[in-house]
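Here the structure is laid out as structure tokens; the discussion comes afterwards.
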Amino acid sequence: MILHRSMKLIGIGDNGQESLLPQYVQWIEDCEVLVGGERVLDFFPSFTGEKIVIKGGLSVLVERLSAETRKTVILATGDPLFYGIGGYLAKKLDIEVYPYMSSVQLAFSKMGESWQDAYVTSIHGRPMKGLAQRIDSKKKIALLTDAENNPNALARYLKHFGMTEYRAFVAENLQGNDEKYGWYSLDELQTAIFSPLNVVILQQTSAPKRYPLGIDDEEFSQRKPDKGLITKKEIRVLSLQAMQLQKDSIIWDVGTCTGSMAIEAGKLSPEGQVFAVEKNAPDLENCMQNQQKFRVDITAIHSKAPTGLENFPDPDAIFIGGTGGEMVELLQLCCTRLKPNGRIVLNAATIENLYKAVEAFKACGFAVDILQAQLARSKPILDMTRFVPLNPIYIISAHRKEDNHE
């Protein structure tokens with residue numbers, strides 16, 4: 001059965017009516033209500049029906065259009081379902097969607113390269129935070145920008161995280177009167193002046209260093225001379241496994257120290273967010289340095305937990321590397337804030353802290369699993385090999401009892 005809806009959403013290019021099929025132009029001429037941004041509506045100066053300018057939130061527009069009985073056409077630039085208003089409107093209104101080419105599609109056509117293998121993301125109207133781990137090691141990246149997160153800001157961000165293996169193709173005012181496009185180094189990208197209407201494509205010119213799961217402890221900046229305040233590589237991998245991270249998990253790292261757990265968690269959840277808290281300022285400084293080196297952009301604050309956690313969004317997973325003596329209060333808060341099906345993982349080095357943690361989790365109605373990790377690393381001695389033990393660690397995993405479907 002074919003449904004013919006009276007309301008249509010049509011994509012349009014910056015060349016105005018030239019971008020529209022004759023049928024689309026006819027629908028616009030025949031409609032009684034034309035909806036769109038001011039710039040798009042200006043393409044139709046002779047339209048005699050009612051014009052509705054899209055301003056502010058879309059919920060007010062949806063409420064108004066839901067009661068509309070006249071023939072209505074909504075105009076949006078490019079493909080309305082590609083980071084546009086179409087996705088929201090299609091869920092709220094009974095509309096037909098007729099897309100035009102997206103700005104990314106047009107930019108790649110100017111660049112003369114295929115784009116089915118590109119990673120596409122947006123920093124338009126959303127923070128740049130977390131972009132580093134999302135794009136790290138990707139060979140071809142397309143970004144939608146805005147006035148604040150513009151190509152200059154993007155270049156500064158990439159250089160901050162050492163992502164100097166990229167060059168940039170910027171396409172401005174696509175199909176408009178002032179269309180312009182070309183290649184830029186990151187230094188040029190940082191200082192050039194660009195139109196607000198632009199798309200940036202990053203292309204890798206050399207392969208960066210890759211860090212697989214289980215980064216060597218020596219790779220991290222640590223407090224000197226008393227090194228060792230780090231979750232050791234083997235324990236780190238076991239703890240990350242226990243957290244059951246997804247690619248979009250929201251993660252807390254309490255007592256982050258060097259940031260080793262937060263950084264590896266960020267790499268495992270590149271589409272998510274990582275929030276860390278550390279009470280020692282020198283350790284937090286090392287964490288910041290490690291973020292830059294390993295290209296993981298996390299939110300790390302200087303505070304003694306649980307203070308500071310109230311500003312973090314509810315997490316899917318929590319790692320607790322240190323409690324600062326406030327274990328019971330901290331665990332109660334974490335249990336309260338944890339999302340359904342989430343996991344809390346705590347590393348304890350003493351049987352006293354093991355007991356306190358298990359009792360605190362049980363008091364909150366959580367089920368507990370404990371892994372005792374007793375590991376040793378090989379070390380050469382003359383022409384032979386001996387083993388040096390690591391400190392035994394209790395890896396405590398907690399989850400709500402109703403989350404356990406075994």
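In the structure tokens, chains take the letters A, B, ... in the order shown, each chain's residues start at 1, and ligands count up from 1 in the order shown.
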
Per DSSP on the backbone, filter region 54-302 of chain A down to the residues in helix (DSSP H, G or I) and report them as a VMD selection string.
-> chain A and resid 58 to 66 86 to 92 103 to 111 131 to 135 151 to 160 186 to 191 217 to 219 233 to 243 260 to 268 281 to 294

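Every protein, DNA or RNA residue with an atom at most 9 Å from region 51-55 of chain A, where only C-alpha atoms count and chain neighbours fewer than 6 positions away do not, is listed here: A:Glu32, A:Val33, A:Leu34, A:Val35, A:Gly36, A:Gly37, A:Glu38, A:Leu41, A:Leu61.
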
Could you write those residues out with N, CA and C atoms, as a CSV table (one decimal), in the first residue's frame?
chain,number,residue,atom,x,y,z
A,32,GLU,N,0.5,25.5,0.2
A,32,GLU,CA,0.0,26.7,0.8
A,32,GLU,C,0.9,27.2,2.0
A,33,VAL,N,1.7,26.3,2.5
A,33,VAL,CA,2.6,26.7,3.6
A,33,VAL,C,4.0,26.2,3.3
A,34,LEU,N,5.0,27.1,3.3
A,34,LEU,CA,6.4,26.8,3.0
A,34,LEU,C,7.2,27.1,4.3
A,35,VAL,N,7.9,26.0,4.7
A,35,VAL,CA,8.6,26.1,6.0
A,35,VAL,C,10.1,25.9,5.7
A,36,GLY,N,11.0,26.7,6.4
A,36,GLY,CA,12.4,26.6,6.3
A,36,GLY,C,13.2,27.7,7.0
A,37,GLY,N,14.5,27.6,7.0
A,37,GLY,CA,15.3,28.7,7.5
A,37,GLY,C,15.2,29.9,6.6
A,38,GLU,N,15.6,31.1,7.2
A,38,GLU,CA,15.5,32.3,6.4
A,38,GLU,C,16.2,32.3,5.1
A,41,LEU,N,14.3,30.1,2.6
A,41,LEU,CA,13.1,30.7,2.1
A,41,LEU,C,13.3,31.9,1.2
A,61,LEU,N,7.8,24.0,16.5
A,61,LEU,CA,7.4,23.8,15.0
A,61,LEU,C,6.6,22.6,14.9

Just asking: which residues within region 26-260 of chain A are strand (DSSP E or B) according to DSSP, as an mmCIF file with N, CA and C atoms, in the first residue's frame?
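states_34.cif, written as the output of this step:
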data_model
loop_
_atom_site.group_PDB
_atom_site.id
_atom_site.type_symbol
_atom_site.label_atom_id
_atom_site.label_comp_id
_atom_site.auth_asym_id
_atom_site.auth_seq_id
_atom_site.Cartn_x
_atom_site.Cartn_y
_atom_site.Cartn_z
ATOM 1 N N VAL A 33 1.709 26.321 2.498
ATOM 2 C CA VAL A 33 2.600 26.688 3.602
ATOM 3 C C VAL A 33 4.013 26.218 3.251
ATOM 4 N N LEU A 34 4.980 27.142 3.325
ATOM 5 C CA LEU A 34 6.376 26.814 3.034
ATOM 6 C C LEU A 34 7.198 27.077 4.296
ATOM 7 N N VAL A 35 7.906 26.046 4.740
ATOM 8 C CA VAL A 35 8.631 26.104 6.008
ATOM 9 C C VAL A 35 10.135 25.948 5.745
ATOM 10 N N GLY A 36 10.958 26.727 6.429
ATOM 11 C CA GLY A 36 12.408 26.587 6.264
ATOM 12 C C GLY A 36 13.154 27.695 6.989
ATOM 13 N N GLU A 50 1.769 31.147 2.861
ATOM 14 C CA GLU A 50 2.337 31.506 4.165
ATOM 15 C C GLU A 50 3.730 30.903 4.316
ATOM 16 N N LYS A 51 4.673 31.714 4.794
ATOM 17 C CA LYS A 51 6.018 31.238 5.071
ATOM 18 C C LYS A 51 6.221 31.139 6.585
ATOM 19 N N ILE A 52 6.755 30.021 7.015
ATOM 20 C CA ILE A 52 7.067 29.825 8.433
ATOM 21 C C ILE A 52 8.584 29.672 8.562
ATOM 22 N N VAL A 53 9.212 30.575 9.287
ATOM 23 C CA VAL A 53 10.664 30.536 9.473
ATOM 24 C C VAL A 53 11.009 29.623 10.655
ATOM 25 N N THR A 72 1.646 21.431 2.776
ATOM 26 C CA THR A 72 2.829 22.018 3.410
ATOM 27 C C THR A 72 4.105 21.390 2.865
ATOM 28 N N VAL A 73 5.088 22.251 2.590
ATOM 29 C CA VAL A 73 6.417 21.791 2.190
ATOM 30 C C VAL A 73 7.437 22.369 3.177
ATOM 31 N N ILE A 74 8.293 21.501 3.686
ATOM 32 C CA ILE A 74 9.386 21.921 4.572
ATOM 33 C C ILE A 74 10.685 21.810 3.778
ATOM 34 N N LEU A 75 11.492 22.860 3.814
ATOM 35 C CA LEU A 75 12.760 22.870 3.095
ATOM 36 C C LEU A 75 13.927 22.774 4.079
ATOM 37 N N ALA A 76 14.928 21.990 3.718
ATOM 38 C CA ALA A 76 16.146 21.878 4.538
ATOM 39 C C ALA A 76 17.335 21.697 3.606
ATOM 40 N N THR A 77 18.481 22.196 4.007
ATOM 41 C CA THR A 77 19.651 22.107 3.136
ATOM 42 C C THR A 77 20.182 20.680 3.082
ATOM 43 N N ILE A 95 5.326 12.664 7.238
ATOM 44 C CA ILE A 95 5.903 13.391 6.108
ATOM 45 C C ILE A 95 6.591 12.443 5.128
ATOM 46 N N GLU A 96 6.723 12.935 3.892
ATOM 47 C CA GLU A 96 7.549 12.272 2.881
ATOM 48 C C GLU A 96 8.860 13.048 2.762
ATOM 49 N N VAL A 97 9.978 12.343 2.663
ATOM 50 C CA VAL A 97 11.288 12.985 2.615
ATOM 51 C C VAL A 97 11.907 12.813 1.229
ATOM 52 N N TYR A 98 12.378 13.933 0.663
ATOM 53 C CA TYR A 98 13.023 13.923 -0.647
ATOM 54 C C TYR A 98 14.398 14.584 -0.500
ATOM 55 N N TYR A 119 35.053 7.903 7.727
ATOM 56 C CA TYR A 119 34.371 8.027 9.020
ATOM 57 C C TYR A 119 33.777 9.422 9.059
ATOM 58 N N VAL A 120 32.471 9.498 9.247
ATOM 59 C CA VAL A 120 31.771 10.777 9.219
ATOM 60 C C VAL A 120 31.269 11.111 10.617
ATOM 61 N N THR A 121 31.568 12.309 11.072
ATOM 62 C CA THR A 121 31.095 12.751 12.379
ATOM 63 C C THR A 121 30.833 14.248 12.336
ATOM 64 N N SER A 122 30.276 14.766 13.399
ATOM 65 C CA SER A 122 29.919 16.182 13.429
ATOM 66 C C SER A 122 30.404 16.836 14.711
ATOM 67 N N LYS A 140 40.450 8.406 6.789
ATOM 68 C CA LYS A 140 39.676 9.421 6.065
ATOM 69 C C LYS A 140 38.498 9.825 6.941
ATOM 70 N N ILE A 141 38.432 11.101 7.290
ATOM 71 C CA ILE A 141 37.427 11.573 8.243
ATOM 72 C C ILE A 141 36.744 12.816 7.690
ATOM 73 N N ALA A 142 35.416 12.829 7.691
ATOM 74 C CA ALA A 142 34.647 14.009 7.281
ATOM 75 C C ALA A 142 33.988 14.612 8.502
ATOM 76 N N LEU A 143 34.123 15.935 8.652
ATOM 77 C CA LEU A 143 33.590 16.626 9.821
ATOM 78 C C LEU A 143 32.711 17.799 9.418
ATOM 79 N N LEU A 144 31.523 17.864 10.016
ATOM 80 C CA LEU A 144 30.673 19.035 9.889
ATOM 81 C C LEU A 144 31.036 19.987 11.015
ATOM 82 N N TYR A 166 47.717 14.227 9.722
ATOM 83 C CA TYR A 166 46.592 14.584 8.857
ATOM 84 C C TYR A 166 46.846 15.870 8.072
ATOM 85 N N ARG A 167 46.332 15.897 6.855
ATOM 86 C CA ARG A 167 46.176 17.142 6.107
ATOM 87 C C ARG A 167 44.675 17.310 5.895
ATOM 88 N N ALA A 168 44.260 18.522 5.586
ATOM 89 C CA ALA A 168 42.833 18.821 5.552
ATOM 90 C C ALA A 168 42.392 19.352 4.196
ATOM 91 N N PHE A 169 41.241 18.878 3.753
ATOM 92 C CA PHE A 169 40.565 19.421 2.573
ATOM 93 C C PHE A 169 39.331 20.149 3.076
ATOM 94 N N VAL A 170 39.232 21.436 2.761
ATOM 95 C CA VAL A 170 38.101 22.236 3.229
ATOM 96 C C VAL A 170 37.284 22.705 2.034
ATOM 97 N N ALA A 171 35.995 22.421 2.076
ATOM 98 C CA ALA A 171 35.072 22.857 1.017
ATOM 99 C C ALA A 171 34.105 23.870 1.625
ATOM 100 N N GLU A 172 34.073 25.087 1.048
ATOM 101 C CA GLU A 172 33.258 26.170 1.591
ATOM 102 C C GLU A 172 32.161 26.574 0.610
ATOM 103 N N LYS A 180 34.403 27.573 -2.663
ATOM 104 C CA LYS A 180 35.863 27.513 -2.600
ATOM 105 C C LYS A 180 36.254 26.204 -1.952
ATOM 106 N N TYR A 181 37.341 25.597 -2.437
ATOM 107 C CA TYR A 181 37.808 24.356 -1.810
ATOM 108 C C TYR A 181 39.292 24.179 -2.081
ATOM 109 N N GLY A 182 39.958 23.461 -1.174
ATOM 110 C CA GLY A 182 41.386 23.226 -1.346
ATOM 111 C C GLY A 182 41.998 22.513 -0.155
ATOM 112 N N TRP A 183 43.304 22.201 -0.305
ATOM 113 C CA TRP A 183 44.043 21.453 0.714
ATOM 114 C C TRP A 183 44.799 22.404 1.639
ATOM 115 N N TYR A 184 44.938 21.991 2.911
ATOM 116 C CA TYR A 184 45.645 22.783 3.912
ATOM 117 C C TYR A 184 46.448 21.867 4.823
ATOM 118 N N ASN A 198 31.125 25.300 5.887
ATOM 119 C CA ASN A 198 32.235 24.501 5.357
ATOM 120 C C ASN A 198 32.184 23.068 5.855
ATOM 121 N N VAL A 199 32.834 22.209 5.120
ATOM 122 C CA VAL A 199 33.030 20.810 5.493
ATOM 123 C C VAL A 199 34.524 20.546 5.480
ATOM 124 N N VAL A 200 35.021 19.853 6.501
ATOM 125 C CA VAL A 200 36.441 19.520 6.573
ATOM 126 C C VAL A 200 36.611 18.013 6.398
ATOM 127 N N ILE A 201 37.527 17.640 5.515
ATOM 128 C CA ILE A 201 37.878 16.227 5.341
ATOM 129 C C ILE A 201 39.344 16.069 5.729
ATOM 130 N N LEU A 202 39.606 15.193 6.681
ATOM 131 C CA LEU A 202 40.969 14.906 7.104
ATOM 132 C C LEU A 202 41.451 13.647 6.408
ATOM 133 N N GLN A 203 42.649 13.712 5.862
ATOM 134 C CA GLN A 203 43.238 12.546 5.193
ATOM 135 C C GLN A 203 44.592 12.242 5.816
ATOM 136 N N GLN A 204 44.780 10.987 6.159
ATOM 137 C CA GLN A 204 46.019 10.553 6.802
ATOM 138 C C GLN A 204 47.140 10.470 5.774
ATOM 139 N N ILE A 250 29.411 5.238 29.077
ATOM 140 C CA ILE A 250 29.811 6.360 29.922
ATOM 141 C C ILE A 250 30.526 5.763 31.134
ATOM 142 N N ILE A 251 31.767 6.218 31.364
ATOM 143 C CA ILE A 251 32.650 5.553 32.318
ATOM 144 C C ILE A 251 33.148 6.538 33.367
ATOM 145 N N TRP A 252 33.190 6.090 34.627
ATOM 146 C CA TRP A 252 33.853 6.827 35.684
ATOM 147 C C TRP A 252 35.144 6.102 36.059
ATOM 148 N N ASP A 253 36.201 6.862 36.292
ATOM 149 C CA ASP A 253 37.448 6.317 36.842
ATOM 150 C C ASP A 253 37.762 7.105 38.107
ATOM 151 N N VAL A 254 37.559 6.475 39.253
ATOM 152 C CA VAL A 254 37.713 7.144 40.546
ATOM 153 C C VAL A 254 39.105 6.841 41.107
#

With only C-alpha atoms as the basis for distance, which of A:Leu154, A:Leu338, A:Leu240, A:Leu371 is at the shortest distance from Ser269 (chain A)?
-> A:Leu240

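Among the candidate residues A:Ala363, A:Leu245, A:Ile123, A:Ile263, the one lying nearest to Cys335 (chain A) is A:Ala363, with distances computed using only C-alpha atoms.
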
Two-atom distance - CA of Lys209 (chain A), CA of Thr164 (chain A) (Å) = 11.8 Å

What lies within 8 Å of Gly365 (chain A) using only C-alpha atoms, ignoring chain neighbours under 2 positions off, as a list in words?
-> Phe361, Lys362, Ala363, Ala367, Arg400 and Lys401 of chain A

Among the residues A:Ile193, A:Leu58, A:Ala360, A:Ile320, the one that comes closest to Leu89 (chain A) [using only C-alpha atoms] |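 Comparing A:Ile193, A:Leu58, A:Ala360, A:Ile320 against Leu89 (chain A), the winner is A:Leu58.
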
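When only C-alpha atoms are used to measure the gap to Val358 (chain A), the shortest distance among A:Arg337, A:Lys379, A:Lys91, A:His399 belongs to A:His399.
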
Taking into account only C-alpha atoms, which residue in the set A:Gln105, A:Ser66, A:Asn347, A:Asn353 is nearest to Met243 (chain A)?
->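 The shortest atom-to-atom distance to Met243 (chain A) comes from A:Asn347.
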
Contacts of Trp27 (chain A) at 10 Å or less, counting only C-alpha atoms, minus same-chain residues fewer than 2 places along, as a PyMOL selection string?
-> chain A and resi 8+10+22-25+29-32+71-73

Write a file of the just-selected residues containing C-alpha atoms, as a PDB file, in the first residue's frame.
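Done, and the output landed in again.pdb:
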ATOM      1  CA  LYS A   8       6.746  16.949   2.263  1.00  0.00           C
ATOM      2  CA  ILE A  10      12.580  18.498   0.524  1.00  0.00           C
ATOM      3  CA  PRO A  22      10.848  20.078 -11.694  1.00  0.00           C
ATOM      4  CA  GLN A  23       8.426  17.970  -9.651  1.00  0.00           C
ATOM      5  CA  TYR A  24       9.784  19.470  -6.418  1.00  0.00           C
ATOM      6  CA  VAL A  25       9.441  22.999  -7.761  1.00  0.00           C
ATOM      7  CA  GLU A  29       4.411  26.286  -6.095  1.00  0.00           C
ATOM      8  CA  ASP A  30       1.255  24.290  -5.300  1.00  0.00           C
ATOM      9  CA  CYS A  31       1.649  24.264  -1.521  1.00  0.00           C
ATOM     10  CA  GLU A  32      -0.017  26.723   0.832  1.00  0.00           C
ATOM     11  CA  LYS A  71      -0.563  21.508   1.786  1.00  0.00           C
ATOM     12  CA  THR A  72       2.829  22.018   3.410  1.00  0.00           C
ATOM     13  CA  VAL A  73       6.417  21.791   2.190  1.00  0.00           C
TER      14      VAL A  73
END

Extract, using only C-alpha atoms, all DNA, RNA and protein residues at most 8 Å from Phe312 (chain A), discarding same-chain residues fewer than 3 positions from it, and format them as a PDB file with all heavy atoms, in the first residue's frame.
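Result file follows (selection-v4.pdb):
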ATOM      1  N   PHE A 275      34.976   9.994  32.485  1.00  0.00           N
ATOM      2  CA  PHE A 275      35.089  11.028  33.511  1.00  0.00           C
ATOM      3  C   PHE A 275      35.969  10.484  34.630  1.00  0.00           C
ATOM      4  O   PHE A 275      35.710   9.396  35.152  1.00  0.00           O
ATOM      5  CB  PHE A 275      33.708  11.405  34.044  1.00  0.00           C
ATOM      6  CG  PHE A 275      32.801  11.980  32.995  1.00  0.00           C
ATOM      7  CD1 PHE A 275      32.046  11.156  32.179  1.00  0.00           C
ATOM      8  CD2 PHE A 275      32.726  13.352  32.810  1.00  0.00           C
ATOM      9  CE1 PHE A 275      31.215  11.682  31.198  1.00  0.00           C
ATOM     10  CE2 PHE A 275      31.902  13.892  31.834  1.00  0.00           C
ATOM     11  CZ  PHE A 275      31.143  13.061  31.026  1.00  0.00           C
ATOM     12  N   GLY A 308      32.746  15.950  43.648  1.00  0.00           N
ATOM     13  CA  GLY A 308      32.996  16.115  42.216  1.00  0.00           C
ATOM     14  C   GLY A 308      32.186  15.181  41.353  1.00  0.00           C
ATOM     15  O   GLY A 308      31.880  15.483  40.193  1.00  0.00           O
ATOM     16  N   LEU A 309      31.813  14.024  41.904  1.00  0.00           N
ATOM     17  CA  LEU A 309      31.073  13.047  41.097  1.00  0.00           C
ATOM     18  C   LEU A 309      29.664  13.531  40.774  1.00  0.00           C
ATOM     19  O   LEU A 309      29.053  13.060  39.815  1.00  0.00           O
ATOM     20  CB  LEU A 309      31.007  11.703  41.835  1.00  0.00           C
ATOM     21  CG  LEU A 309      32.345  11.017  42.133  1.00  0.00           C
ATOM     22  CD1 LEU A 309      32.108   9.722  42.897  1.00  0.00           C
ATOM     23  CD2 LEU A 309      33.113  10.745  40.842  1.00  0.00           C
TER      24      LEU A 309
END

One-decimal distance in Å that lies between CA of Leu131 (chain A) and CA of Ile230 (chain A) =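 One can read the CA of Ile230 (chain A) to CA of Leu131 (chain A) distance as 25.4 Å.
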
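Shell of Ser221 (chain A) at 8 Å, with only C-alpha atoms counted and residues fewer than 2 places along the chain excluded, is Glu218, Glu219, Arg223, Thr258, Asn286, Cys287, Gln289 and Asn290 of chain A.
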
Given only C-alpha atoms as the counted atoms, nearest of A:Ala153, A:Leu174, A:Leu346, A:Met7 to Phe108 (chain A) |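 That would be A:Leu174, the residue with the smallest distance to Phe108 (chain A).
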
Please provide the set of residues having any atom within 10 Å of Pro208 (chain A), restricted to only C-alpha atoms, with same-chain residues fewer than 6 positions apart removed, written as a list in words.
-> Asp136, Ser137, Lys138, Gly162, Met163, Thr164, Glu165 and Tyr166 of chain A
